[in-house]
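Enquirer: Got a structure for you, model-v5.pdb, holding PDB, C-alpha atoms.
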```pdb
ATOM      1  CA  MET A   1    -125.726 -71.564 256.174
ATOM      2  CA  GLU A   2    -125.577 -71.993 252.431
ATOM      3  CA  THR A   3    -126.713 -69.715 249.585
ATOM      4  CA  THR A   4    -128.191 -71.149 246.401
ATOM      5  CA  THR A   5    -130.848 -70.469 243.771
ATOM      6  CA  MET A   6    -134.425 -71.688 244.059
ATOM      7  CA  GLN A   7    -133.985 -73.947 241.035
ATOM      8  CA  LYS A   8    -130.822 -75.538 242.450
ATOM      9  CA  LEU A   9    -132.462 -75.941 245.839
ATOM     10  CA  LEU A  10    -135.441 -77.840 244.425
ATOM     11  CA  ALA A  11    -133.587 -79.761 241.679
ATOM     12  CA  GLY A  12    -132.952 -83.360 242.624
ATOM     13  CA  HIS A  13    -134.255 -82.924 246.176
ATOM     14  CA  THR A  14    -137.541 -83.802 247.820
ATOM     15  CA  PHE A  15    -139.036 -81.664 250.571
ATOM     16  CA  PHE A  16    -141.824 -82.662 252.922
ATOM     17  CA  VAL A  17    -143.947 -80.551 255.229
ATOM     18  CA  PRO A  18    -144.051 -82.605 258.449
ATOM     19  CA  ALA A  19    -147.375 -83.257 260.150
ATOM     20  CA  ASP A  20    -146.413 -81.179 263.198
ATOM     21  CA  LEU A  21    -146.040 -77.992 261.116
ATOM     22  CA  ARG A  22    -149.043 -75.821 260.420
ATOM     23  CA  ALA A  23    -150.720 -76.369 257.091
ATOM     24  CA  TYR A  24    -150.926 -73.688 254.388
ATOM     25  CA  THR A  25    -152.143 -70.366 255.842
ATOM     26  CA  TRP A  26    -151.586 -67.768 253.120
ATOM     27  CA  GLU A  27    -154.878 -66.197 252.087
ATOM     28  CA  ILE A  28    -155.898 -64.392 248.925
ATOM     29  CA  PRO A  29    -156.941 -60.734 248.903
ATOM     30  CA  SER A  30    -160.492 -60.000 249.887
ATOM     31  CA  GLU A  31    -162.643 -56.942 250.116
ATOM     32  CA  THR A  32    -163.808 -55.677 253.502
ATOM     33  CA  GLY A  33    -166.267 -52.935 252.811
ATOM     34  CA  ASN A  34    -164.533 -50.356 250.634
ATOM     35  CA  ARG A  35    -161.065 -51.177 251.939
ATOM     36  CA  SER A  36    -158.900 -53.714 250.122
ATOM     37  CA  VAL A  37    -157.043 -56.041 252.459
ATOM     38  CA  ASN A  38    -153.555 -57.067 251.355
ATOM     39  CA  THR A  39    -152.500 -60.634 252.057
ATOM     40  CA  ARG A  40    -149.248 -62.528 251.747
ATOM     41  CA  VAL A  41    -150.307 -63.989 248.374
ATOM     42  CA  ASP A  42    -150.843 -60.630 246.691
ATOM     43  CA  ILE A  43    -147.905 -59.007 248.485
ATOM     44  CA  PHE A  44    -145.656 -61.841 247.244
ATOM     45  CA  LEU A  45    -146.798 -61.380 243.632
ATOM     46  CA  SER A  46    -146.660 -57.583 243.909
ATOM     47  CA  ASP A  47    -143.124 -57.761 245.278
ATOM     48  CA  LEU A  48    -142.044 -59.977 242.381
ATOM     49  CA  ASN A  49    -143.622 -57.533 239.922
ATOM     50  CA  LEU A  50    -141.756 -54.622 241.526
ATOM     51  CA  TYR A  51    -138.531 -56.608 241.204
ATOM     52  CA  LEU A  52    -139.209 -57.297 237.509
ATOM     53  CA  GLU A  53    -139.805 -53.580 236.904
ATOM     54  CA  SER A  54    -136.671 -52.537 238.784
ATOM     55  CA  PRO A  55    -133.296 -51.985 237.137
ATOM     56  CA  SER A  56    -131.681 -54.380 239.627
ATOM     57  CA  ASP A  57    -129.107 -56.785 238.274
ATOM     58  CA  LYS A  58    -129.044 -58.717 241.550
ATOM     59  CA  PRO A  59    -131.167 -61.851 241.902
ATOM     60  CA  TYR A  60    -134.425 -61.639 243.807
ATOM     61  CA  PHE A  61    -134.028 -62.900 247.392
ATOM     62  CA  LEU A  62    -136.541 -65.461 248.637
ATOM     63  CA  GLY A  63    -135.396 -65.589 252.238
ATOM     64  CA  HIS A  64    -134.097 -68.341 254.470
ATOM     65  CA  PHE A  65    -135.221 -71.952 254.686
ATOM     66  CA  SER A  66    -134.428 -74.511 257.387
ATOM     67  CA  PHE A  67    -134.522 -78.236 256.717
ATOM     68  CA  LYS A  68    -134.087 -81.430 258.660
ATOM     69  CA  PHE A  69    -132.210 -84.237 256.948
ATOM     70  CA  LYS A  70    -134.267 -87.426 256.470
ATOM     71  CA  GLU A  71    -132.172 -89.350 253.951
ATOM     72  CA  LEU A  72    -130.058 -88.618 250.887
ATOM     73  CA  ASN A  73    -131.695 -85.665 249.054
ATOM     74  CA  VAL A  74    -134.853 -85.884 251.204
ATOM     75  CA  TYR A  75    -135.650 -83.250 253.831
ATOM     76  CA  ASP A  76    -138.400 -82.084 256.149
ATOM     77  CA  ILE A  77    -139.067 -78.355 255.977
ATOM     78  CA  ILE A  78    -138.611 -76.792 259.399
ATOM     79  CA  ASP A  79    -138.972 -73.131 258.397
ATOM     80  CA  GLY A  80    -140.153 -71.573 255.137
ATOM     81  CA  GLN A  81    -142.829 -74.020 254.078
ATOM     82  CA  GLN A  82    -145.430 -71.271 253.489
ATOM     83  CA  ARG A  83    -143.061 -69.494 251.074
ATOM     84  CA  MET A  84    -141.924 -72.686 249.375
ATOM     85  CA  THR A  85    -145.502 -73.856 248.891
ATOM     86  CA  SER A  86    -146.468 -70.432 247.497
ATOM     87  CA  ILE A  87    -143.476 -70.454 245.152
ATOM     88  CA  VAL A  88    -144.439 -73.855 243.753
ATOM     89  CA  ILE A  89    -148.098 -72.803 243.437
ATOM     90  CA  LEU A  90    -147.099 -69.637 241.551
ATOM     91  CA  LEU A  91    -144.625 -71.481 239.311
ATOM     92  CA  SER A  92    -147.260 -74.064 238.435
ATOM     93  CA  ALA A  93    -149.676 -71.284 237.433
ATOM     94  CA  ILE A  94    -146.970 -69.549 235.365
ATOM     95  CA  PHE A  95    -145.971 -72.723 233.525
ATOM     96  CA  GLU A  96    -149.632 -73.589 232.870
ATOM     97  CA  ARG A  97    -150.232 -70.125 231.370
ATOM     98  CA  LEU A  98    -147.058 -70.323 229.264
ATOM     99  CA  LYS A  99    -148.058 -73.785 227.961
ATOM    100  CA  LYS A 100    -151.307 -72.241 226.703
ATOM    101  CA  LEU A 101    -149.285 -69.773 224.642
ATOM    102  CA  ARG A 102    -146.648 -72.173 223.305
ATOM    103  CA  ALA A 103    -144.662 -75.322 224.020
ATOM    104  CA  LEU A 104    -141.968 -75.071 226.668
ATOM    105  CA  ASN A 105    -138.417 -74.871 225.329
ATOM    106  CA  ASP A 106    -135.676 -77.195 226.637
ATOM    107  CA  GLU A 107    -134.531 -74.819 229.396
ATOM    108  CA  GLU A 108    -138.113 -74.275 230.586
ATOM    109  CA  GLN A 109    -138.778 -78.018 230.561
ATOM    110  CA  THR A 110    -135.710 -78.508 232.743
ATOM    111  CA  MET A 111    -136.906 -75.783 235.124
ATOM    112  CA  TYR A 112    -140.366 -77.385 235.244
ATOM    113  CA  LYS A 113    -138.858 -80.779 236.096
ATOM    114  CA  ASP A 114    -136.533 -79.251 238.686
ATOM    115  CA  MET A 115    -139.156 -77.167 240.472
ATOM    116  CA  ILE A 116    -142.630 -78.618 239.791
ATOM    117  CA  LYS A 117    -142.766 -82.249 238.696
ATOM    118  CA  ARG A 118    -140.290 -84.824 237.542
ATOM    119  CA  LYS A 119    -140.752 -88.364 236.276
ATOM    120  CA  GLN A 120    -139.834 -89.880 239.625
ATOM    121  CA  GLY A 121    -142.032 -87.586 241.686
ATOM    122  CA  TYR A 122    -142.555 -84.126 243.044
ATOM    123  CA  PRO A 123    -139.994 -81.822 244.682
ATOM    124  CA  LEU A 124    -142.536 -80.685 247.298
ATOM    125  CA  SER A 125    -145.097 -82.551 249.367
ATOM    126  CA  THR A 126    -147.391 -80.605 251.682
ATOM    127  CA  VAL A 127    -148.941 -81.934 254.904
ATOM    128  CA  ASP A 128    -150.391 -85.423 254.392
ATOM    129  CA  TYR A 129    -154.048 -84.408 254.467
ATOM    130  CA  ASP A 130    -153.573 -81.672 251.802
ATOM    131  CA  ASP A 131    -150.956 -83.374 249.630
ATOM    132  CA  PRO A 132    -153.327 -85.322 247.315
ATOM    133  CA  LEU A 133    -155.209 -82.077 246.595
ATOM    134  CA  PHE A 134    -151.948 -80.131 246.152
ATOM    135  CA  LYS A 135    -150.613 -82.596 243.614
ATOM    136  CA  ALA A 136    -153.893 -83.130 241.757
ATOM    137  CA  TYR A 137    -155.132 -79.531 241.571
ATOM    138  CA  ILE A 138    -151.934 -77.473 241.603
ATOM    139  CA  ILE A 139    -149.447 -79.691 239.812
ATOM    140  CA  ASP A 140    -151.539 -81.993 237.610
ATOM    141  CA  HIS A 141    -154.391 -79.482 237.064
ATOM    142  CA  SER A 142    -157.208 -81.894 237.823
ATOM    143  CA  ASN A 143    -160.498 -80.403 238.993
ATOM    144  CA  HIS A 144    -161.743 -83.803 240.129
ATOM    145  CA  ILE A 145    -160.688 -83.401 243.728
ATOM    146  CA  GLU A 146    -162.345 -81.194 246.310
ATOM    147  CA  ALA A 147    -160.682 -79.159 249.032
ATOM    148  CA  THR A 148    -162.015 -80.425 252.349
ATOM    149  CA  THR A 149    -159.755 -78.546 254.767
ATOM    150  CA  THR A 150    -159.300 -74.822 255.360
ATOM    151  CA  SER A 151    -155.664 -75.100 254.304
ATOM    152  CA  GLY A 152    -156.635 -77.059 251.193
ATOM    153  CA  LYS A 153    -159.118 -74.349 250.254
ATOM    154  CA  ARG A 154    -156.365 -71.746 250.684
ATOM    155  CA  ILE A 155    -154.068 -73.738 248.390
ATOM    156  CA  VAL A 156    -156.764 -73.829 245.687
ATOM    157  CA  GLN A 157    -157.606 -70.139 246.201
ATOM    158  CA  ALA A 158    -153.931 -69.136 245.929
ATOM    159  CA  TYR A 159    -153.538 -71.084 242.687
ATOM    160  CA  ASP A 160    -156.753 -69.645 241.236
ATOM    161  CA  TYR A 161    -155.649 -66.140 242.293
ATOM    162  CA  PHE A 162    -152.305 -66.562 240.508
ATOM    163  CA  VAL A 163    -154.033 -67.985 237.410
ATOM    164  CA  ASP A 164    -156.348 -64.964 237.279
ATOM    165  CA  ALA A 165    -153.459 -62.538 237.842
ATOM    166  CA  LEU A 166    -151.488 -64.122 234.989
ATOM    167  CA  ALA A 167    -154.393 -64.478 232.546
ATOM    168  CA  ASP A 168    -153.541 -61.343 230.569
ATOM    169  CA  LYS A 169    -149.749 -61.609 230.835
ATOM    170  CA  ASP A 170    -147.763 -62.101 227.653
ATOM    171  CA  GLU A 171    -145.048 -64.633 226.924
ATOM    172  CA  ALA A 172    -142.173 -62.207 227.596
ATOM    173  CA  TYR A 173    -143.483 -61.402 231.088
ATOM    174  CA  LEU A 174    -143.998 -65.085 231.942
ATOM    175  CA  VAL A 175    -140.505 -66.043 230.776
ATOM    176  CA  LYS A 176    -138.998 -63.200 232.791
ATOM    177  CA  LEU A 177    -140.982 -64.206 235.890
ATOM    178  CA  ILE A 178    -139.965 -67.878 235.625
ATOM    179  CA  ALA A 179    -136.315 -66.859 235.266
ATOM    180  CA  ALA A 180    -136.537 -64.444 238.206
ATOM    181  CA  ILE A 181    -137.936 -67.154 240.490
ATOM    182  CA  GLY A 182    -135.613 -69.904 239.257
ATOM    183  CA  GLN A 183    -132.550 -67.685 239.639
ATOM    184  CA  ALA A 184    -133.759 -66.108 242.902
ATOM    185  CA  THR A 185    -131.376 -66.683 245.755
ATOM    186  CA  CYS A 186    -132.139 -68.092 249.157
ATOM    187  CA  THR A 187    -130.170 -69.237 252.132
ATOM    188  CA  HIS A 188    -130.724 -72.500 253.922
ATOM    189  CA  ASP A 189    -129.439 -74.681 256.684
ATOM    190  CA  ILE A 190    -129.840 -78.382 257.272
ATOM    191  CA  SER A 191    -129.975 -80.032 260.676
ATOM    192  CA  LEU A 192    -129.559 -83.728 261.355
TER     193      LEU A 192
END
```
Would you mind writing the structure in this file as C-alpha cells?
Expert:
Amino acid sequence: METTTMQKLLAGHTFFVPADLRAYTWEIPSETGNRSVNTRVDIFLSDLNLYLESPSDKPYFLGHFSFKFKELNVYDIIDGQQRMTSIVILLSAIFERLKKLRALNDEEQTMYKDMIKRKQGYPLSTVDYDDPLFKAYIIDHSNHIEATTTSGKRIVQAYDYFVDALADKDEAYLVKLIAAIGQATCTHDISL
C-alpha cells in the first residue's frame, strides 16, 4: 500500500472504470416532503468545507483506491471509482468557476493538466457508455450531448450541483479548495 497526493496519483497516469464495475451512482440532494435527504455528493462537499474551516494542518484524506495494472501508467479502477469520478467532477466545476473570475496561473494550469485534461488525453475515463458524456459535459463543458443512462444523468446532476454550490464562491475559496483536493492524501494498491 502506498500513500500519495491526489494530484500525484492522477498526474501522468490514466485510469479506466472497467465495464464490469457499476456506473456512477452518487446522487444529488433532493427534497422529500419537508425533510432534506443528504446524499454522497453533498456530504462530500460539506466534508471538504468543514476541512477548509478547520485549523488542521494535516492534508485532507480521500480514502483508499485499488487499481489493476493494464500497461505502463494505465490502470483499471477496482475500488474507489465513485470517489475518483466525484473528485474529477468537482475539480472541473471549481476550475470552470475560477476561469470565469480570472486566468489560471502556472501552478493551477499544471494542476488542471494533471487532474482534469492534458494534451494527450484525460486522466480518468468512466464506463464506456457514459465516457463520451463525461468528457463532453464535465471536462469540455459542451451542452451538445444528452445523458441517456441513469448513471449519465447522475454525472450531469453532480456537476450541475457543484456548479450551483460554487456560483457565489470567491477566488480565495476556490484556490483553497483546489489546493486542498490536489494536496489531499490517499492510499492505493496496484494488482497485476
Enquirer: Considering all atoms listed in the file, state which residue in the set A:Leu90, A:Leu9, A:Ile77, A:Leu177 is at the smallest distance from Ile139 in chain A.
Expert: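 Smallest separation from Ile139 in chain A among the options: A:Leu90.
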Enquirer: Evaluate the PyMOL selection byres ((chain A and resi 10-25) around 7) and record the selected residues as a PyMOL selection string, following the chain and residue labels used in the document.
Expert: chain A and resi 6-9+26-27+73-77+81-82+114-115+122-128+151+154-155
Enquirer: I need the chosen residues saved as a PDB file, in the coordinates of the input, with C-alpha atoms.
Expert:
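After the write, selection_2.pdb holds the following:
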```
ATOM      1  CA  MET A   6    -134.425 -71.688 244.059  1.00  0.00           C
ATOM      2  CA  GLN A   7    -133.985 -73.947 241.035  1.00  0.00           C
ATOM      3  CA  LYS A   8    -130.822 -75.538 242.450  1.00  0.00           C
ATOM      4  CA  LEU A   9    -132.462 -75.941 245.839  1.00  0.00           C
ATOM      5  CA  TRP A  26    -151.586 -67.768 253.120  1.00  0.00           C
ATOM      6  CA  GLU A  27    -154.878 -66.197 252.087  1.00  0.00           C
ATOM      7  CA  ASN A  73    -131.695 -85.665 249.054  1.00  0.00           C
ATOM      8  CA  VAL A  74    -134.853 -85.884 251.204  1.00  0.00           C
ATOM      9  CA  TYR A  75    -135.650 -83.250 253.831  1.00  0.00           C
ATOM     10  CA  ASP A  76    -138.400 -82.084 256.149  1.00  0.00           C
ATOM     11  CA  ILE A  77    -139.067 -78.355 255.977  1.00  0.00           C
ATOM     12  CA  GLN A  81    -142.829 -74.020 254.078  1.00  0.00           C
ATOM     13  CA  GLN A  82    -145.430 -71.271 253.489  1.00  0.00           C
ATOM     14  CA  ASP A 114    -136.533 -79.251 238.686  1.00  0.00           C
ATOM     15  CA  MET A 115    -139.156 -77.167 240.472  1.00  0.00           C
ATOM     16  CA  TYR A 122    -142.555 -84.126 243.044  1.00  0.00           C
ATOM     17  CA  PRO A 123    -139.994 -81.822 244.682  1.00  0.00           C
ATOM     18  CA  LEU A 124    -142.536 -80.685 247.298  1.00  0.00           C
ATOM     19  CA  SER A 125    -145.097 -82.551 249.367  1.00  0.00           C
ATOM     20  CA  THR A 126    -147.391 -80.605 251.682  1.00  0.00           C
ATOM     21  CA  VAL A 127    -148.941 -81.934 254.904  1.00  0.00           C
ATOM     22  CA  ASP A 128    -150.391 -85.423 254.392  1.00  0.00           C
ATOM     23  CA  SER A 151    -155.664 -75.100 254.304  1.00  0.00           C
ATOM     24  CA  ARG A 154    -156.365 -71.746 250.684  1.00  0.00           C
ATOM     25  CA  ILE A 155    -154.068 -73.738 248.390  1.00  0.00           C
TER      26      ILE A 155
END
```
Enquirer: Applied to this file, what does the PyMOL selection byres ((chain A and resi 3) around 9) return in terms of residues, put as a PyMOL selection string?
Expert: chain A and resi 1-2+4-5+64+185-188
Enquirer: Write out as a PyMOL selection string each polymer residue whose atoms come within 9 Å of Phe134 in chain A, counting only C-alpha atoms; drop sequence neighbours fewer than 2 positions from it.
Expert: chain A and resi 89+125-126+130-132+136-140+152+155-156
Enquirer: Can those selected residues be exported to a file as an mmCIF file, in the coordinates of the input so that it contains C-alpha atoms?
Expert:
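Saved to out-v6.cif:
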```cif
data_model
loop_
_atom_site.group_PDB
_atom_site.id
_atom_site.type_symbol
_atom_site.label_atom_id
_atom_site.label_comp_id
_atom_site.auth_asym_id
_atom_site.auth_seq_id
_atom_site.Cartn_x
_atom_site.Cartn_y
_atom_site.Cartn_z
ATOM 1 C CA ILE A 89 -148.098 -72.803 243.437
ATOM 2 C CA SER A 125 -145.097 -82.551 249.367
ATOM 3 C CA THR A 126 -147.391 -80.605 251.682
ATOM 4 C CA ASP A 130 -153.573 -81.672 251.802
ATOM 5 C CA ASP A 131 -150.956 -83.374 249.630
ATOM 6 C CA PRO A 132 -153.327 -85.322 247.315
ATOM 7 C CA ALA A 136 -153.893 -83.130 241.757
ATOM 8 C CA TYR A 137 -155.132 -79.531 241.571
ATOM 9 C CA ILE A 138 -151.934 -77.473 241.603
ATOM 10 C CA ILE A 139 -149.447 -79.691 239.812
ATOM 11 C CA ASP A 140 -151.539 -81.993 237.610
ATOM 12 C CA GLY A 152 -156.635 -77.059 251.193
ATOM 13 C CA ILE A 155 -154.068 -73.738 248.390
ATOM 14 C CA VAL A 156 -156.764 -73.829 245.687
#
```
Enquirer: I'd like the residues picked by the PyMOL selection byres ((chain A and resi 97) around 9) written out as a list in words, using the chain letters and numbers from the file.
Expert: Ser92, Ala93, Ile94, Phe95, Glu96, Leu98, Lys99, Lys100, Leu101, Val163, Leu166, Ala167, Lys169, Glu171 and Leu174 of chain A
Enquirer: Save the residues we just selected, C-alpha atoms, as a PDB file, keeping the file's coordinate frame?
Expert:
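Output file again-v3.pdb follows:
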```pdb
ATOM      1  CA  SER A  92    -147.260 -74.064 238.435  1.00  0.00           C
ATOM      2  CA  ALA A  93    -149.676 -71.284 237.433  1.00  0.00           C
ATOM      3  CA  ILE A  94    -146.970 -69.549 235.365  1.00  0.00           C
ATOM      4  CA  PHE A  95    -145.971 -72.723 233.525  1.00  0.00           C
ATOM      5  CA  GLU A  96    -149.632 -73.589 232.870  1.00  0.00           C
ATOM      6  CA  LEU A  98    -147.058 -70.323 229.264  1.00  0.00           C
ATOM      7  CA  LYS A  99    -148.058 -73.785 227.961  1.00  0.00           C
ATOM      8  CA  LYS A 100    -151.307 -72.241 226.703  1.00  0.00           C
ATOM      9  CA  LEU A 101    -149.285 -69.773 224.642  1.00  0.00           C
ATOM     10  CA  VAL A 163    -154.033 -67.985 237.410  1.00  0.00           C
ATOM     11  CA  LEU A 166    -151.488 -64.122 234.989  1.00  0.00           C
ATOM     12  CA  ALA A 167    -154.393 -64.478 232.546  1.00  0.00           C
ATOM     13  CA  LYS A 169    -149.749 -61.609 230.835  1.00  0.00           C
ATOM     14  CA  GLU A 171    -145.048 -64.633 226.924  1.00  0.00           C
ATOM     15  CA  LEU A 174    -143.998 -65.085 231.942  1.00  0.00           C
TER      16      LEU A 174
END
```
Enquirer: For Tyr173 in chain A, which of A:Leu72, A:Leu52, A:Leu133, A:Ile43 is the closest residue, counting only C-alpha atoms?
Expert: A:Leu52
Enquirer: Which one is closest to Met84 in chain A: A:Pro59, A:Ile181, A:Ala147, A:Gln157? Count all atoms listed in the file.
Expert: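 Distance minimum relative to Met84 in chain A lands on A:Ile181.
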Enquirer: Given all atoms listed in the file as the basis, pick out the residue of A:Glu146, A:Glu107, A:Ala180, A:Val41 nearest to Tyr60 in chain A.
Expert: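 That would be A:Ala180, the residue with the smallest distance to Tyr60 in chain A.
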Enquirer: CA of Tyr161 in chain A and CA of Ile28 in chain A are how many Å apart?
Expert: 6.9 Å
Enquirer: Looking at A:Asn105, A:Ile190, A:Ala158, A:Asn143, which one is nearest to Val175 in chain A, with distances taken over only C-alpha atoms?
Expert: A:Asn105
Enquirer: Do you have the CA of Lys117 in chain A-CA of Val88 in chain A distance handy?
Expert: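 Rounded to one decimal, the two atoms are 9.9 Å apart.
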Enquirer: Would you work out the distance separating CA of Thr39 in chain A from CA of Lys153 in chain A, expressed in Å to one decimal?
Expert: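 We find that CA of Thr39 in chain A and CA of Lys153 in chain A lie 15.3 Å from each other.
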Enquirer: Smallest atom-to-atom distance to Phe69 in chain A: which of A:Asp189, A:Asp160, A:Asp57, A:Asp47, using only C-alpha atoms?
Expert: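 For Phe69 in chain A, the nearest of the given residues is A:Asp189.
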Enquirer: What are the centre and the three edge lengths of an axis-aligned box that wraps all atoms of range 54-60 of chain A in the file, given that 4 Å is added to every side, written as AutoDock Vina command-line options and rounded to one decimal in Å?
Expert:
```
--center_x -132.9 --center_y -56.9 --center_z 240.5 --size_x 15.6 --size_y 17.9 --size_z 14.7
```
Enquirer: Write a file for range 49-66 of chain A, containing N, CA and C atoms (output as a PDB file, in the first residue's frame).
Expert:
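Result written to result_27.pdb:
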```pdb
ATOM      1  N   ASN A  49     -15.776  21.341   2.935  1.00  0.00           N
ATOM      2  CA  ASN A  49     -15.959  22.673   3.532  1.00  0.00           C
ATOM      3  C   ASN A  49     -15.589  22.676   5.012  1.00  0.00           C
ATOM      4  N   LEU A  50     -15.979  21.641   5.739  1.00  0.00           N
ATOM      5  CA  LEU A  50     -15.604  21.538   7.153  1.00  0.00           C
ATOM      6  C   LEU A  50     -14.086  21.471   7.307  1.00  0.00           C
ATOM      7  N   TYR A  51     -13.433  20.728   6.409  1.00  0.00           N
ATOM      8  CA  TYR A  51     -11.974  20.660   6.445  1.00  0.00           C
ATOM      9  C   TYR A  51     -11.358  22.041   6.215  1.00  0.00           C
ATOM     10  N   LEU A  52     -11.877  22.772   5.222  1.00  0.00           N
ATOM     11  CA  LEU A  52     -11.336  24.104   4.922  1.00  0.00           C
ATOM     12  C   LEU A  52     -11.505  25.063   6.097  1.00  0.00           C
ATOM     13  N   GLU A  53     -12.575  24.899   6.852  1.00  0.00           N
ATOM     14  CA  GLU A  53     -12.841  25.768   8.004  1.00  0.00           C
ATOM     15  C   GLU A  53     -12.074  25.337   9.256  1.00  0.00           C
ATOM     16  N   SER A  54     -11.531  24.145   9.232  1.00  0.00           N
ATOM     17  CA  SER A  54     -10.841  23.623  10.422  1.00  0.00           C
ATOM     18  C   SER A  54      -9.420  24.195  10.516  1.00  0.00           C
ATOM     19  N   PRO A  55      -8.856  24.160  11.702  1.00  0.00           N
ATOM     20  CA  PRO A  55      -7.475  24.627  11.861  1.00  0.00           C
ATOM     21  C   PRO A  55      -6.437  23.555  11.509  1.00  0.00           C
ATOM     22  N   SER A  56      -6.871  22.442  10.966  1.00  0.00           N
ATOM     23  CA  SER A  56      -5.979  21.321  10.688  1.00  0.00           C
ATOM     24  C   SER A  56      -4.847  21.709   9.748  1.00  0.00           C
ATOM     25  N   ASP A  57      -3.655  21.239  10.076  1.00  0.00           N
ATOM     26  CA  ASP A  57      -2.522  21.439   9.179  1.00  0.00           C
ATOM     27  C   ASP A  57      -2.169  20.135   8.460  1.00  0.00           C
ATOM     28  N   LYS A  58      -2.978  19.106   8.690  1.00  0.00           N
ATOM     29  CA  LYS A  58      -2.802  17.832   8.006  1.00  0.00           C
ATOM     30  C   LYS A  58      -3.612  17.844   6.716  1.00  0.00           C
ATOM     31  N   PRO A  59      -3.114  17.166   5.680  1.00  0.00           N
ATOM     32  CA  PRO A  59      -3.875  17.117   4.430  1.00  0.00           C
ATOM     33  C   PRO A  59      -5.194  16.368   4.618  1.00  0.00           C
ATOM     34  N   TYR A  60      -6.164  16.742   3.825  1.00  0.00           N
ATOM     35  CA  TYR A  60      -7.442  16.046   3.778  1.00  0.00           C
ATOM     36  C   TYR A  60      -7.179  14.622   3.291  1.00  0.00           C
ATOM     37  N   PHE A  61      -7.901  13.645   3.802  1.00  0.00           N
ATOM     38  CA  PHE A  61      -7.710  12.253   3.395  1.00  0.00           C
ATOM     39  C   PHE A  61      -8.872  11.804   2.521  1.00  0.00           C
ATOM     40  N   LEU A  62      -8.548  11.336   1.330  1.00  0.00           N
ATOM     41  CA  LEU A  62      -9.565  10.926   0.359  1.00  0.00           C
ATOM     42  C   LEU A  62      -9.812   9.424   0.314  1.00  0.00           C
ATOM     43  N   GLY A  63      -9.217   8.687   1.210  1.00  0.00           N
ATOM     44  CA  GLY A  63      -9.503   7.262   1.285  1.00  0.00           C
ATOM     45  C   GLY A  63      -8.537   6.409   0.494  1.00  0.00           C
ATOM     46  N   HIS A  64      -8.956   5.167   0.286  1.00  0.00           N
ATOM     47  CA  HIS A  64      -8.114   4.170  -0.375  1.00  0.00           C
ATOM     48  C   HIS A  64      -8.662   3.847  -1.761  1.00  0.00           C
ATOM     49  N   PHE A  65      -7.754   3.651  -2.691  1.00  0.00           N
ATOM     50  CA  PHE A  65      -8.095   3.253  -4.050  1.00  0.00           C
ATOM     51  C   PHE A  65      -7.361   1.962  -4.381  1.00  0.00           C
ATOM     52  N   SER A  66      -7.999   1.096  -5.142  1.00  0.00           N
ATOM     53  CA  SER A  66      -7.357  -0.125  -5.634  1.00  0.00           C
ATOM     54  C   SER A  66      -7.389  -0.116  -7.154  1.00  0.00           C
TER      55      SER A  66
END
```
